[in-house]
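K.L.:
Pasting a structure here, questions to come.
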Amino acid sequence: MNTSNEQNNDAVTEFEKALTRALRPVNPPETLARFLALAAEVEAERTLPRRERKHRWAWSVPQPHRWFGAVGFAMAALLLVGVFAGENVYQRHQREALATQQFQAASRITDRTLQHTREQLQRAGVPLE
C-alpha cells in the first residue's frame with residue numbers, strides 16, 4: 001500500500017509543479033502599454049463634447065490589412081461581372097451575325113424564287129404591271 005501512496009504523492013507533486021509553471025507571471029508585450037494608453041485616451045475623449053475632442057484622422061482610416069481582403073473581393077467580383085458581361089456581349093454579337101447571315105440567305109432565295117416566278121408568268125403571257 002505504501003507504493004500506491006508514493007505514486008499518488010508523485011502525481012500530486014507533478015500536478016503541483018505543472019500548475020506552478022502554468023501560473024507563473026508572464027511579461028506583457030511591449031506594445032500593450034502603448035495600446036492601453038491610446039485606448040484610455042480615446043475612451044476619455046468619448047466623454048468630451050464634440051467641439052472639445054481632438055481630431056484623430058488616423059482612427060477614421062481603416063487599417064490596410066483589414067480592407068485588403070475587401071478590396072481583393074471587390075476586384076474579383078468586378079472581374080467576374082466583367083467576364084460574364086463580356087461573354088454576354090460576345091454571344092449577342094454572334095447571334096446578330098448569324099441572324100444577318102440567315103436574313104441575307106433568305107432574301108437571296110426569295111429574290112431567285114420571285115425572279116423564276118416572273119419568268120414563268122411572262123412565258124405564260126401574263127402581264128406583270
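Chains: A, B, ... in order of the C-alpha cells. Residues: from 1 per chain. Ligands: from 1, in order shown.
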Write out as a ChimeraX atom specification the set of residues from chain A that DSSP, computed on the backbone, places in helix (DSSP H, G or I).

P.N.:
/A:2-22,31-47,50-52,57-60,64-124

K.L.:
Name all residues at most 12 Å from A:Glu129 (count only C-alpha atoms; drop same-chain ones fewer than 5 positions away) and give them as a PyMOL selection string.

P.N.:
chain A and resi 118+121-122

K.L.:
Please compute the atom CA of A:Tyr90-atom CA of A:Val71 distance, one decimal, in Å.

P.N.:
28.0 Å

K.L.:
Just the number, please: distance in Å from atom CA of A:Leu128 to atom CA of A:His116, one decimal.

P.N.:
13.2 Å
